[in-house]
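S.K.: Handing over entry_25.cif, mmCIF, C-alpha atoms.
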data_upload
loop_
_atom_site.group_PDB
_atom_site.id
_atom_site.type_symbol
_atom_site.label_atom_id
_atom_site.label_comp_id
_atom_site.auth_asym_id
_atom_site.auth_seq_id
_atom_site.Cartn_x
_atom_site.Cartn_y
_atom_site.Cartn_z
ATOM 1 C CA MET H 964 -64.998 12.569 -20.670
ATOM 2 C CA ASN H 965 -66.092 14.784 -23.536
ATOM 3 C CA ARG H 966 -63.748 17.527 -22.375
ATOM 4 C CA LYS H 967 -60.806 15.128 -22.222
ATOM 5 C CA ARG H 968 -61.583 13.853 -25.704
ATOM 6 C CA TRP H 969 -61.694 17.376 -27.095
ATOM 7 C CA LEU H 970 -58.355 18.179 -25.471
ATOM 8 C CA ALA H 971 -56.787 15.037 -26.915
ATOM 9 C CA LEU H 972 -58.202 15.847 -30.357
ATOM 10 C CA ALA H 973 -56.862 19.412 -30.178
ATOM 11 C CA LEU H 974 -53.424 18.171 -29.162
ATOM 12 C CA ALA H 975 -53.352 15.642 -32.001
ATOM 13 C CA LEU H 976 -54.373 18.333 -34.493
ATOM 14 C CA PHE H 977 -51.654 20.671 -33.194
ATOM 15 C CA LEU H 978 -48.976 17.983 -33.589
ATOM 16 C CA ALA H 979 -50.162 17.157 -37.110
ATOM 17 C CA VAL H 980 -49.948 20.802 -38.182
ATOM 18 C CA ALA H 981 -46.513 21.114 -36.573
ATOM 19 C CA LEU H 982 -45.204 18.093 -38.469
ATOM 20 C CA LEU H 983 -46.655 19.469 -41.702
ATOM 21 C CA VAL H 984 -44.931 22.828 -41.195
ATOM 22 C CA VAL H 985 -41.608 21.158 -40.472
ATOM 23 C CA GLY H 986 -41.965 18.949 -43.523
ATOM 24 C CA LEU H 987 -42.763 21.869 -45.819
ATOM 25 C CA GLY H 988 -39.785 23.754 -44.446
ATOM 26 C CA ARG H 989 -37.511 20.871 -45.333
ATOM 27 C CA LEU H 990 -38.914 20.716 -48.834
ATOM 28 C CA THR H 991 -38.478 24.432 -49.573
ATOM 29 C CA ALA H 992 -34.928 24.734 -48.251
ATOM 30 C CA ARG H 993 -32.226 22.792 -50.051
ATOM 31 C CA PRO H 994 -29.915 21.021 -47.594
ATOM 32 C CA PRO H 995 -26.165 21.493 -48.115
ATOM 33 C CA ALA H 996 -23.736 18.660 -48.683
ATOM 34 C CA GLN H 997 -22.592 18.726 -45.067
ATOM 35 C CA GLY H 998 -23.415 20.532 -41.871
ATOM 36 C CA PRO H 999 -26.479 22.027 -40.191
ATOM 37 C CA TRP H 1000 -26.822 25.075 -42.459
ATOM 38 C CA ARG H 1001 -29.252 25.127 -45.352
ATOM 39 C CA GLU H 1002 -28.755 27.304 -48.388
ATOM 40 C CA THR H 1003 -30.824 29.960 -50.107
ATOM 41 C CA THR H 1004 -29.996 31.189 -53.607
ATOM 42 C CA LEU H 1005 -29.849 34.967 -53.842
ATOM 43 C CA TYR H 1006 -29.381 35.214 -57.592
ATOM 44 C CA GLY H 1007 -27.719 33.605 -60.594
ATOM 45 C CA GLN H 1008 -27.303 30.106 -61.968
ATOM 46 C CA GLY H 1009 -24.278 27.865 -62.001
ATOM 47 C CA GLU H 1010 -21.786 26.730 -59.422
ATOM 48 C CA LYS H 1011 -21.959 27.982 -55.863
ATOM 49 C CA VAL H 1012 -20.342 31.148 -54.550
ATOM 50 C CA LEU H 1013 -21.157 31.503 -50.865
ATOM 51 C CA LEU H 1014 -21.933 34.787 -49.134
ATOM 52 C CA LEU H 1015 -20.797 35.137 -45.509
ATOM 53 C CA GLU H 1016 -22.066 38.251 -43.719
ATOM 54 C CA LEU H 1017 -20.348 39.887 -40.768
ATOM 55 C CA LEU H 1018 -22.825 42.534 -39.629
ATOM 56 C CA GLY H 1019 -22.548 44.755 -36.576
ATOM 57 C CA GLU H 1020 -20.186 44.268 -33.681
ATOM 58 C CA ILE H 1021 -17.742 41.368 -33.914
ATOM 59 C CA PRO H 1022 -19.806 38.446 -32.578
ATOM 60 C CA SER H 1023 -19.059 36.621 -29.351
ATOM 61 C CA GLY H 1024 -20.504 33.634 -27.541
ATOM 62 C CA LYS H 1025 -23.133 31.665 -29.441
ATOM 63 C CA ALA H 1026 -23.176 34.162 -32.318
ATOM 64 C CA LEU H 1027 -19.433 33.632 -32.827
ATOM 65 C CA GLU H 1028 -19.895 29.858 -32.737
ATOM 66 C CA ARG H 1029 -22.602 30.105 -35.405
ATOM 67 C CA PHE H 1030 -20.415 32.191 -37.720
ATOM 68 C CA LEU H 1031 -17.436 29.874 -37.268
ATOM 69 C CA SER H 1032 -19.659 26.890 -38.040
ATOM 70 C CA GLN H 1033 -20.626 28.546 -41.329
ATOM 71 C CA VAL H 1034 -16.954 29.039 -42.175
ATOM 72 C CA ARG H 1035 -16.247 25.417 -41.299
ATOM 73 C CA GLN H 1036 -19.137 24.182 -43.457
ATOM 74 C CA ALA H 1037 -17.938 26.357 -46.349
ATOM 75 C CA ARG H 1038 -14.557 24.630 -46.169
ATOM 76 C CA GLU H 1039 -16.097 21.150 -46.052
ATOM 77 C CA ASP H 1040 -18.765 21.708 -48.727
ATOM 78 C CA GLU H 1041 -17.068 20.710 -51.983
ATOM 79 C CA GLU H 1042 -19.826 22.409 -53.990
ATOM 80 C CA VAL H 1043 -18.787 25.823 -52.628
ATOM 81 C CA ARG H 1044 -16.220 27.008 -55.154
ATOM 82 C CA ALA H 1045 -15.591 30.511 -53.797
ATOM 83 C CA VAL H 1046 -16.661 32.747 -50.922
ATOM 84 C CA VAL H 1047 -17.548 36.422 -50.504
ATOM 85 C CA LEU H 1048 -17.177 37.957 -47.049
ATOM 86 C CA TYR H 1049 -19.387 41.024 -46.618
ATOM 87 C CA VAL H 1050 -18.218 43.157 -43.684
ATOM 88 C CA GLU H 1051 -20.296 45.916 -42.085
ATOM 89 C CA SER H 1052 -18.683 46.212 -38.669
ATOM 90 C CA PRO H 1053 -16.986 48.813 -36.433
ATOM 91 C CA GLY H 1054 -14.982 46.083 -34.682
ATOM 92 C CA GLY H 1055 -15.156 44.366 -31.333
ATOM 93 C CA GLY H 1056 -13.260 42.172 -28.908
ATOM 94 C CA VAL H 1057 -9.632 41.273 -29.552
ATOM 95 C CA THR H 1058 -9.972 37.537 -28.901
ATOM 96 C CA GLU H 1059 -13.103 37.135 -31.037
ATOM 97 C CA THR H 1060 -11.587 39.134 -33.908
ATOM 98 C CA GLU H 1061 -8.484 36.967 -34.014
ATOM 99 C CA ALA H 1062 -10.601 33.797 -33.901
ATOM 100 C CA LEU H 1063 -12.567 34.969 -36.950
ATOM 101 C CA HIS H 1064 -9.405 35.971 -38.784
ATOM 102 C CA ARG H 1065 -7.771 32.582 -38.258
ATOM 103 C CA ALA H 1066 -10.824 30.654 -39.438
ATOM 104 C CA LEU H 1067 -11.265 32.845 -42.508
ATOM 105 C CA ARG H 1068 -7.558 32.705 -43.333
ATOM 106 C CA ALA H 1069 -7.717 28.906 -43.328
ATOM 107 C CA LEU H 1070 -10.730 29.103 -45.651
ATOM 108 C CA ALA H 1071 -8.921 31.508 -47.992
ATOM 109 C CA GLN H 1072 -6.026 29.073 -48.304
ATOM 110 C CA GLU H 1073 -8.393 26.436 -49.716
ATOM 111 C CA LYS H 1074 -10.894 28.499 -51.720
ATOM 112 C CA PRO H 1075 -10.943 32.012 -53.202
ATOM 113 C CA LEU H 1076 -12.199 34.471 -50.569
ATOM 114 C CA VAL H 1077 -12.942 38.075 -51.504
ATOM 115 C CA ALA H 1078 -13.938 40.646 -48.890
ATOM 116 C CA SER H 1079 -16.575 43.256 -49.696
ATOM 117 C CA LEU H 1080 -16.560 46.161 -47.257
ATOM 118 C CA GLY H 1081 -19.796 47.924 -46.400
ATOM 119 C CA ARG H 1082 -20.456 51.463 -45.228
ATOM 120 C CA VAL H 1083 -18.239 50.991 -42.151
ATOM 121 C CA ALA H 1084 -15.653 48.211 -41.945
ATOM 122 C CA ALA H 1085 -13.110 49.633 -39.540
ATOM 123 C CA SER H 1086 -10.787 48.449 -36.790
ATOM 124 C CA GLY H 1087 -11.753 44.820 -36.034
ATOM 125 C CA GLY H 1088 -13.975 44.860 -39.112
ATOM 126 C CA TYR H 1089 -10.959 45.674 -41.276
ATOM 127 C CA TYR H 1090 -8.769 43.232 -39.301
ATOM 128 C CA VAL H 1091 -11.077 40.354 -40.246
ATOM 129 C CA ALA H 1092 -11.202 41.442 -43.901
ATOM 130 C CA THR H 1093 -7.409 41.125 -44.225
ATOM 131 C CA ALA H 1094 -7.853 37.335 -44.149
ATOM 132 C CA ALA H 1095 -9.283 37.516 -47.692
ATOM 133 C CA ARG H 1096 -7.241 37.176 -50.840
ATOM 134 C CA GLU H 1097 -8.627 40.480 -52.119
ATOM 135 C CA ILE H 1098 -10.579 43.388 -50.622
ATOM 136 C CA LEU H 1099 -13.061 45.580 -52.507
ATOM 137 C CA VAL H 1100 -14.461 48.722 -50.914
ATOM 138 C CA PRO H 1101 -16.901 51.493 -51.899
ATOM 139 C CA PRO H 1102 -15.045 54.782 -52.433
ATOM 140 C CA THR H 1103 -17.043 56.564 -49.704
ATOM 141 C CA ALA H 1104 -16.863 53.783 -47.101
ATOM 142 C CA VAL H 1105 -15.068 54.160 -43.761
ATOM 143 C CA THR H 1106 -12.292 51.691 -43.059
ATOM 144 C CA GLY H 1107 -8.849 51.473 -41.462
ATOM 145 C CA SER H 1108 -8.743 52.535 -37.802
ATOM 146 C CA ILE H 1109 -5.802 50.204 -37.204
ATOM 147 C CA GLY H 1110 -5.315 50.380 -33.466
ATOM 148 C CA VAL H 1111 -6.450 49.088 -30.085
ATOM 149 C CA VAL H 1112 -8.513 50.692 -27.341
ATOM 150 C CA GLY H 1113 -9.156 49.661 -23.759
ATOM 151 C CA TYR H 1114 -12.059 50.704 -21.549
ATOM 152 C CA LEU H 1115 -11.685 51.331 -17.818
ATOM 153 C CA PRO H 1116 -14.986 52.585 -16.360
ATOM 154 C CA GLN H 1117 -14.651 54.374 -13.016
ATOM 155 C CA VAL H 1118 -17.656 54.377 -10.679
ATOM 156 C CA GLY H 1119 -15.991 54.939 -7.312
ATOM 157 C CA GLU H 1120 -17.017 58.590 -6.977
ATOM 158 C CA LEU H 1121 -20.586 57.802 -8.032
ATOM 159 C CA LEU H 1122 -20.895 55.055 -5.430
ATOM 160 C CA ALA H 1123 -19.501 57.363 -2.758
ATOM 161 C CA LYS H 1124 -22.130 60.002 -3.573
ATOM 162 C CA VAL H 1125 -24.968 57.545 -3.056
ATOM 163 C CA GLY H 1126 -23.395 56.145 0.098
ATOM 164 C CA VAL H 1127 -22.270 52.780 -1.216
ATOM 165 C CA ARG H 1128 -18.990 51.385 0.064
ATOM 166 C CA VAL H 1129 -17.269 48.291 -1.340
ATOM 167 C CA GLU H 1130 -14.647 46.445 0.658
ATOM 168 C CA VAL H 1131 -12.114 44.532 -1.444
ATOM 169 C CA LEU H 1132 -10.303 41.488 -0.040
ATOM 170 C CA LYS H 1133 -7.529 40.023 -2.180
ATOM 171 C CA GLU H 1134 -4.467 37.813 -2.295
ATOM 172 C CA GLY H 1135 -1.990 39.006 -4.898
ATOM 173 C CA ARG H 1136 -0.923 42.603 -5.215
ATOM 174 C CA LEU H 1137 -2.444 43.175 -8.671
ATOM 175 C CA LYS H 1138 -5.517 40.957 -8.306
ATOM 176 C CA ASP H 1139 -7.939 43.897 -8.370
ATOM 177 C CA MET H 1140 -6.108 45.625 -11.218
ATOM 178 C CA ALA H 1141 -8.478 47.537 -13.528
ATOM 179 C CA SER H 1142 -11.121 47.670 -10.810
ATOM 180 C CA PRO H 1143 -13.866 50.211 -11.587
ATOM 181 C CA LEU H 1144 -13.689 51.292 -7.934
ATOM 182 C CA ARG H 1145 -10.355 53.133 -8.175
ATOM 183 C CA PRO H 1146 -7.869 54.523 -10.722
ATOM 184 C CA LEU H 1147 -4.897 52.510 -11.957
ATOM 185 C CA THR H 1148 -1.589 52.695 -10.138
ATOM 186 C CA PRO H 1149 1.529 53.417 -12.264
ATOM 187 C CA GLU H 1150 2.496 49.739 -12.085
ATOM 188 C CA GLU H 1151 -0.963 48.627 -13.156
ATOM 189 C CA ARG H 1152 -1.030 51.132 -15.999
ATOM 190 C CA GLU H 1153 2.223 49.688 -17.330
ATOM 191 C CA VAL H 1154 0.786 46.157 -17.226
ATOM 192 C CA VAL H 1155 -2.398 47.181 -19.029
ATOM 193 C CA GLN H 1156 -0.487 49.177 -21.625
ATOM 194 C CA GLY H 1157 1.569 46.057 -22.303
ATOM 195 C CA LEU H 1158 -1.598 44.128 -23.114
ATOM 196 C CA LEU H 1159 -2.687 46.854 -25.515
ATOM 197 C CA ARG H 1160 0.747 46.856 -27.138
ATOM 198 C CA GLU H 1161 0.644 43.102 -27.759
ATOM 199 C CA ALA H 1162 -2.791 43.340 -29.359
ATOM 200 C CA TYR H 1163 -1.646 46.287 -31.489
ATOM 201 C CA GLU H 1164 1.441 44.418 -32.710
ATOM 202 C CA LEU H 1165 -0.751 41.454 -33.696
ATOM 203 C CA PHE H 1166 -3.080 43.770 -35.632
ATOM 204 C CA VAL H 1167 -0.129 45.277 -37.508
ATOM 205 C CA GLN H 1168 1.207 41.788 -38.243
ATOM 206 C CA ARG H 1169 -2.126 40.597 -39.644
ATOM 207 C CA VAL H 1170 -2.401 43.631 -41.942
ATOM 208 C CA ALA H 1171 1.184 43.188 -43.158
ATOM 209 C CA GLU H 1172 0.608 39.484 -43.862
ATOM 210 C CA GLY H 1173 -2.784 39.929 -45.496
ATOM 211 C CA ARG H 1174 -1.865 42.885 -47.629
ATOM 212 C CA GLY H 1175 1.701 41.824 -48.455
ATOM 213 C CA MET H 1176 3.041 45.104 -47.061
ATOM 214 C CA PRO H 1177 6.252 45.788 -45.140
ATOM 215 C CA ARG H 1178 5.671 46.180 -41.411
ATOM 216 C CA GLU H 1179 7.147 49.679 -41.484
ATOM 217 C CA LYS H 1180 4.595 50.806 -44.056
ATOM 218 C CA VAL H 1181 1.729 49.384 -42.001
ATOM 219 C CA LEU H 1182 3.046 51.140 -38.872
ATOM 220 C CA ALA H 1183 2.968 54.440 -40.740
ATOM 221 C CA LEU H 1184 -0.746 53.900 -41.416
ATOM 222 C CA ALA H 1185 -1.614 52.333 -38.045
ATOM 223 C CA ASP H 1186 -2.166 55.374 -35.843
ATOM 224 C CA GLY H 1187 -5.879 54.621 -35.391
ATOM 225 C CA ARG H 1188 -7.161 57.025 -38.031
ATOM 226 C CA ILE H 1189 -9.912 56.099 -40.457
ATOM 227 C CA TYR H 1190 -9.594 56.139 -44.237
ATOM 228 C CA SER H 1191 -12.146 56.473 -46.991
ATOM 229 C CA GLY H 1192 -12.438 53.580 -49.405
ATOM 230 C CA LYS H 1193 -10.714 55.635 -52.079
ATOM 231 C CA GLN H 1194 -7.829 56.391 -49.724
ATOM 232 C CA ALA H 1195 -7.608 52.745 -48.666
ATOM 233 C CA VAL H 1196 -7.126 51.635 -52.270
ATOM 234 C CA ALA H 1197 -4.454 54.274 -52.874
ATOM 235 C CA LEU H 1198 -2.592 53.239 -49.705
ATOM 236 C CA GLY H 1199 -2.707 49.522 -50.466
ATOM 237 C CA LEU H 1200 -5.185 48.626 -47.711
ATOM 238 C CA ALA H 1201 -7.669 47.437 -50.350
ATOM 239 C CA ASP H 1202 -7.345 46.108 -53.891
ATOM 240 C CA GLY H 1203 -9.989 48.157 -55.651
ATOM 241 C CA GLU H 1204 -13.251 50.025 -55.465
ATOM 242 C CA GLY H 1205 -16.403 47.946 -55.665
ATOM 243 C CA TYR H 1206 -19.547 46.639 -54.051
ATOM 244 C CA LEU H 1207 -20.965 43.243 -53.128
ATOM 245 C CA GLU H 1208 -21.832 42.149 -56.671
ATOM 246 C CA ASP H 1209 -18.361 43.166 -57.853
ATOM 247 C CA ALA H 1210 -16.838 41.048 -55.100
ATOM 248 C CA ALA H 1211 -19.016 38.069 -56.049
ATOM 249 C CA ARG H 1212 -17.936 38.311 -59.682
ATOM 250 C CA ARG H 1213 -14.298 38.615 -58.658
ATOM 251 C CA ALA H 1214 -14.533 35.556 -56.399
ATOM 252 C CA ALA H 1215 -16.057 33.583 -59.275
ATOM 253 C CA GLU H 1216 -13.251 34.734 -61.571
ATOM 254 C CA LEU H 1217 -10.599 33.607 -59.093
ATOM 255 C CA ALA H 1218 -12.314 30.197 -58.965
ATOM 256 C CA GLY H 1219 -12.408 29.996 -62.762
ATOM 257 C CA LEU H 1220 -16.204 29.950 -62.955
ATOM 258 C CA LYS H 1221 -18.005 31.010 -66.120
ATOM 259 C CA ALA H 1222 -21.395 31.132 -64.376
ATOM 260 C CA PHE H 1223 -22.257 31.177 -60.707
ATOM 261 C CA ARG H 1224 -25.095 31.538 -58.269
ATOM 262 C CA LEU H 1225 -24.664 33.451 -55.041
ATOM 263 C CA VAL H 1226 -26.007 31.549 -52.043
ATOM 264 C CA ARG H 1227 -26.406 32.278 -48.348
ATOM 265 C CA TYR H 1228 -26.534 29.831 -45.458
ATOM 266 C CA THR H 1229 -29.618 29.851 -43.261
ATOM 267 C CA ARG H 1230 -30.346 27.811 -40.159
ATOM 268 C CA PRO H 1231 -33.752 26.132 -39.864
ATOM 269 C CA LYS H 1232 -35.464 27.006 -36.593
ATOM 270 C CA GLY H 1233 -37.306 24.605 -34.360
ATOM 271 C CA LEU H 1234 -41.051 24.821 -33.940
ATOM 272 C CA LEU H 1235 -40.929 26.806 -30.718
ATOM 273 C CA GLU H 1236 -37.590 28.546 -31.285
ATOM 274 C CA GLY H 1237 -37.794 32.296 -31.586
ATOM 275 C CA LEU H 1238 -40.883 32.704 -29.405
ATOM 276 C CA TRP H 1239 -38.737 33.779 -26.460
ATOM 277 C CA GLY H 1240 -35.617 34.849 -28.388
ATOM 278 C CA GLU H 1241 -32.069 34.380 -27.171
ATOM 279 C CA GLU H 1242 -31.110 35.238 -23.643
ATOM 280 C CA VAL H 1243 -29.300 38.552 -23.322
ATOM 281 C CA PRO H 1244 -27.568 38.467 -19.938
ATOM 282 C CA TRP H 1245 -26.850 42.206 -19.884
ATOM 283 C CA ALA H 1246 -27.158 42.499 -16.123
ATOM 284 C CA GLN H 1247 -24.610 39.763 -15.519
ATOM 285 C CA ALA H 1248 -22.258 41.254 -18.096
ATOM 286 C CA LEU H 1249 -22.562 44.663 -16.446
ATOM 287 C CA LEU H 1250 -21.717 43.262 -13.038
ATOM 288 C CA GLN H 1251 -18.733 41.305 -14.357
ATOM 289 C CA ALA H 1252 -17.317 44.055 -16.599
ATOM 290 C CA ARG H 1253 -13.874 45.213 -15.511
ATOM 291 C CA PHE H 1254 -11.536 45.672 -18.424
ATOM 292 C CA ARG H 1255 -12.079 45.078 -22.126
ATOM 293 C CA VAL H 1256 -9.524 45.401 -24.912
ATOM 294 C CA GLU H 1257 -11.029 45.921 -28.340
ATOM 295 C CA TYR H 1258 -10.267 46.609 -31.945
ATOM 296 C CA ARG H 1259 -12.962 49.215 -32.415
ATOM 297 C CA TYR H 1260 -13.702 52.318 -34.438
ATOM 298 C CA LEU H 1261 -15.155 54.817 -31.960
ATOM 299 C CA GLY H 1262 -16.395 57.425 -34.407
ATOM 300 C CA GLY H 1263 -19.902 57.783 -35.785
ATOM 301 C CA GLY H 1264 -22.186 59.995 -37.786
ATOM 302 C CA LEU H 1265 -19.601 60.909 -40.423
ATOM 303 C CA TRP H 1266 -21.462 59.394 -43.358
#
In structure tokens, write the structure found in this file.

M.R.:
Amino acid sequence: MNRKRWLALALALFLAVALLVVGLGRLTARPPAQGPWRETTLYGQGEKVLLLELLGEIPSGKALERFLSQVRQAREDEEVRAVVLYVESPGGGVTETEALHRALRALAQEKPLVASLGRVAASGGYYVATAAREILVPPTAVTGSIGVVGYLPQVGELLAKVGVRVEVLKEGRLKDMASPLRPLTPEEREVVQGLLREAYELFVQRVAEGRGMPREKVLALADGRIYSGKQAVALGLADGEGYLEDAARRAAELAGLKAFRLVRYTRPKGLLEGLWGEEVPWAQALLQARFRVEYRYLGGGLW
């Protein structure tokens, strides 16, 4: 009996501490007007200018949903007067990039949105930034890379060397198109190239719309090459040289604010969340990978 009582007492104590921690967390983080995201003030005083951060590869899955929910909350929160989008990304998947662009474009139509490019904001990273009303970029940053790339891994010869044979059964002549087990046929190559061409044309269209440039001028710049920030400004791909604080001030100016505070959304975690981390199904993704079209800057190590 004594042992059971001690266990019950320990459990009660654990629950009391857990409730206390949760309560303190709610007191220290100011809840926003709407939505699940709380806000943290980075600096300044006055009306709210929100910082959205797009860091690393263009998000997909749950990470994409979280970013889109922040954009949605920024639109619904009447206290958010302007938004800064900080982009440090080499790009990513075509579908995810377009989803981000559409959401951010809708936000920019309601509230001033200024993009601040980081060290590398190229390909899909630049694509997303064109949703903003203005783009500021450091002079030595890497941006541009307007183009599309597709990956077709080939493992047939490797499997043959280790004695692995794969038998493919299909209905539909092109059903196993882009299989990693064999090269493309001429017909399949034409189909795949058509997909790349459609994605490329959409990229060019988004740049032309966002930057107010003729399509012909964008096409002259859209051969996949990268540009420095200084070059991007001279070519009309960005509005001026600057860093994050410059972009925040510019967003506040566009909103007509005399004073502002820069805030960031944060998501409160549950008591046990984060102990195991998020699932990373890399093995499943590897097995299912066949063909991926991306807006991506493939370079590295230049700066």

S.K.: Counting only C-alpha atoms, which residue out of H:Leu1063, H:Leu1207, H:Ala1104, H:Val1129 sits closest to H:Tyr1190?

M.R.: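 The shortest atom-to-atom distance to H:Tyr1190 comes from H:Ala1104.
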
S.K.: Please determine, counting only C-alpha atoms, which residue among H:Ser1032, H:Ser1079, H:Thr1148, H:Thr1103 has the shortest atom-to-atom distance to H:Glu1051.

M.R.: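 Using only C-alpha atoms, the shortest distance to H:Glu1051 belongs to H:Ser1079.
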
S.K.: Could you name the residues that touch H:Gln1072 at 12 Å or less, counting all atoms listed in the file, but leaving out those on the same chain fewer than 2 positions away, as a list in words?

M.R.: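 Skipping anything fewer than 2 positions along the chain leaves Arg1038, Ala1045, Val1046, Arg1065, Ala1066, Leu1067, Arg1068, Ala1069, Leu1070, Lys1074, Pro1075, Leu1076, Val1077, Ala1094, Ala1095, Arg1096 and Gly1173 of chain H.
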
S.K.: Output the selection as a PDB file, in the frame of the given file - C-alpha atoms for each residue.

M.R.:
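Saved result, result-v9.pdb, follows:
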ATOM      1  CA  ARG H1038     -14.557  24.630 -46.169  1.00  0.00           C
ATOM      2  CA  ALA H1045     -15.591  30.511 -53.797  1.00  0.00           C
ATOM      3  CA  VAL H1046     -16.661  32.747 -50.922  1.00  0.00           C
ATOM      4  CA  ARG H1065      -7.771  32.582 -38.258  1.00  0.00           C
ATOM      5  CA  ALA H1066     -10.824  30.654 -39.438  1.00  0.00           C
ATOM      6  CA  LEU H1067     -11.265  32.845 -42.508  1.00  0.00           C
ATOM      7  CA  ARG H1068      -7.558  32.705 -43.333  1.00  0.00           C
ATOM      8  CA  ALA H1069      -7.717  28.906 -43.328  1.00  0.00           C
ATOM      9  CA  LEU H1070     -10.730  29.103 -45.651  1.00  0.00           C
ATOM     10  CA  LYS H1074     -10.894  28.499 -51.720  1.00  0.00           C
ATOM     11  CA  PRO H1075     -10.943  32.012 -53.202  1.00  0.00           C
ATOM     12  CA  LEU H1076     -12.199  34.471 -50.569  1.00  0.00           C
ATOM     13  CA  VAL H1077     -12.942  38.075 -51.504  1.00  0.00           C
ATOM     14  CA  ALA H1094      -7.853  37.335 -44.149  1.00  0.00           C
ATOM     15  CA  ALA H1095      -9.283  37.516 -47.692  1.00  0.00           C
ATOM     16  CA  ARG H1096      -7.241  37.176 -50.840  1.00  0.00           C
ATOM     17  CA  GLY H1173      -2.784  39.929 -45.496  1.00  0.00           C
TER      18      GLY H1173
END

S.K.: What's the 6 Å shell around H:Gly1205, counting all atoms listed in the file, without same-chain residues fewer than 6 positions away, as a PyMOL selection string?

M.R.: chain H and resi 1099-1101

S.K.: Expand the PyMOL selection byres ((chain H and resi 1254-1260) around 10) into the individual residues it matches in the shown file, reporting them as a PDB file with C-alpha atoms, in the coordinates of the input.

M.R.:
ATOM      1  CA  GLU H1020     -20.186  44.268 -33.681  1.00  0.00           C
ATOM      2  CA  ILE H1021     -17.742  41.368 -33.914  1.00  0.00           C
ATOM      3  CA  SER H1052     -18.683  46.212 -38.669  1.00  0.00           C
ATOM      4  CA  PRO H1053     -16.986  48.813 -36.433  1.00  0.00           C
ATOM      5  CA  GLY H1054     -14.982  46.083 -34.682  1.00  0.00           C
ATOM      6  CA  GLY H1055     -15.156  44.366 -31.333  1.00  0.00           C
ATOM      7  CA  GLY H1056     -13.260  42.172 -28.908  1.00  0.00           C
ATOM      8  CA  VAL H1057      -9.632  41.273 -29.552  1.00  0.00           C
ATOM      9  CA  THR H1058      -9.972  37.537 -28.901  1.00  0.00           C
ATOM     10  CA  GLU H1059     -13.103  37.135 -31.037  1.00  0.00           C
ATOM     11  CA  THR H1060     -11.587  39.134 -33.908  1.00  0.00           C
ATOM     12  CA  VAL H1083     -18.239  50.991 -42.151  1.00  0.00           C
ATOM     13  CA  ALA H1084     -15.653  48.211 -41.945  1.00  0.00           C
ATOM     14  CA  ALA H1085     -13.110  49.633 -39.540  1.00  0.00           C
ATOM     15  CA  SER H1086     -10.787  48.449 -36.790  1.00  0.00           C
ATOM     16  CA  GLY H1087     -11.753  44.820 -36.034  1.00  0.00           C
ATOM     17  CA  GLY H1088     -13.975  44.860 -39.112  1.00  0.00           C
ATOM     18  CA  TYR H1089     -10.959  45.674 -41.276  1.00  0.00           C
ATOM     19  CA  TYR H1090      -8.769  43.232 -39.301  1.00  0.00           C
ATOM     20  CA  VAL H1105     -15.068  54.160 -43.761  1.00  0.00           C
ATOM     21  CA  THR H1106     -12.292  51.691 -43.059  1.00  0.00           C
ATOM     22  CA  GLY H1107      -8.849  51.473 -41.462  1.00  0.00           C
ATOM     23  CA  SER H1108      -8.743  52.535 -37.802  1.00  0.00           C
ATOM     24  CA  ILE H1109      -5.802  50.204 -37.204  1.00  0.00           C
ATOM     25  CA  GLY H1110      -5.315  50.380 -33.466  1.00  0.00           C
ATOM     26  CA  VAL H1111      -6.450  49.088 -30.085  1.00  0.00           C
ATOM     27  CA  VAL H1112      -8.513  50.692 -27.341  1.00  0.00           C
ATOM     28  CA  GLY H1113      -9.156  49.661 -23.759  1.00  0.00           C
ATOM     29  CA  TYR H1114     -12.059  50.704 -21.549  1.00  0.00           C
ATOM     30  CA  LEU H1115     -11.685  51.331 -17.818  1.00  0.00           C
ATOM     31  CA  PRO H1116     -14.986  52.585 -16.360  1.00  0.00           C
ATOM     32  CA  MET H1140      -6.108  45.625 -11.218  1.00  0.00           C
ATOM     33  CA  ALA H1141      -8.478  47.537 -13.528  1.00  0.00           C
ATOM     34  CA  SER H1142     -11.121  47.670 -10.810  1.00  0.00           C
ATOM     35  CA  PRO H1143     -13.866  50.211 -11.587  1.00  0.00           C
ATOM     36  CA  VAL H1155      -2.398  47.181 -19.029  1.00  0.00           C
ATOM     37  CA  LEU H1158      -1.598  44.128 -23.114  1.00  0.00           C
ATOM     38  CA  LEU H1159      -2.687  46.854 -25.515  1.00  0.00           C
ATOM     39  CA  ALA H1162      -2.791  43.340 -29.359  1.00  0.00           C
ATOM     40  CA  TYR H1163      -1.646  46.287 -31.489  1.00  0.00           C
ATOM     41  CA  PHE H1166      -3.080  43.770 -35.632  1.00  0.00           C
ATOM     42  CA  GLY H1187      -5.879  54.621 -35.391  1.00  0.00           C
ATOM     43  CA  ARG H1188      -7.161  57.025 -38.031  1.00  0.00           C
ATOM     44  CA  ILE H1189      -9.912  56.099 -40.457  1.00  0.00           C
ATOM     45  CA  GLN H1251     -18.733  41.305 -14.357  1.00  0.00           C
ATOM     46  CA  ALA H1252     -17.317  44.055 -16.599  1.00  0.00           C
ATOM     47  CA  ARG H1253     -13.874  45.213 -15.511  1.00  0.00           C
ATOM     48  CA  LEU H1261     -15.155  54.817 -31.960  1.00  0.00           C
ATOM     49  CA  GLY H1262     -16.395  57.425 -34.407  1.00  0.00           C
ATOM     50  CA  GLY H1263     -19.902  57.783 -35.785  1.00  0.00           C
TER      51      GLY H1263
END

S.K.: Taking all atoms listed in the file into account, which of H:Phe1223, H:Trp1000, H:Tyr1006, H:Tyr1206 comes nearest H:Arg1035?

M.R.: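 Using all atoms listed in the file, H:Arg1035 sits closest to H:Trp1000.
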
S.K.: Can you work out the spacing between atom CA of H:Glu1002 and atom CA of H:Arg1227 in Å, to one decimal?

M.R.: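 Taking atom CA of H:Glu1002 as the start and atom CA of H:Arg1227 as the end point, the length is 5.5 Å.
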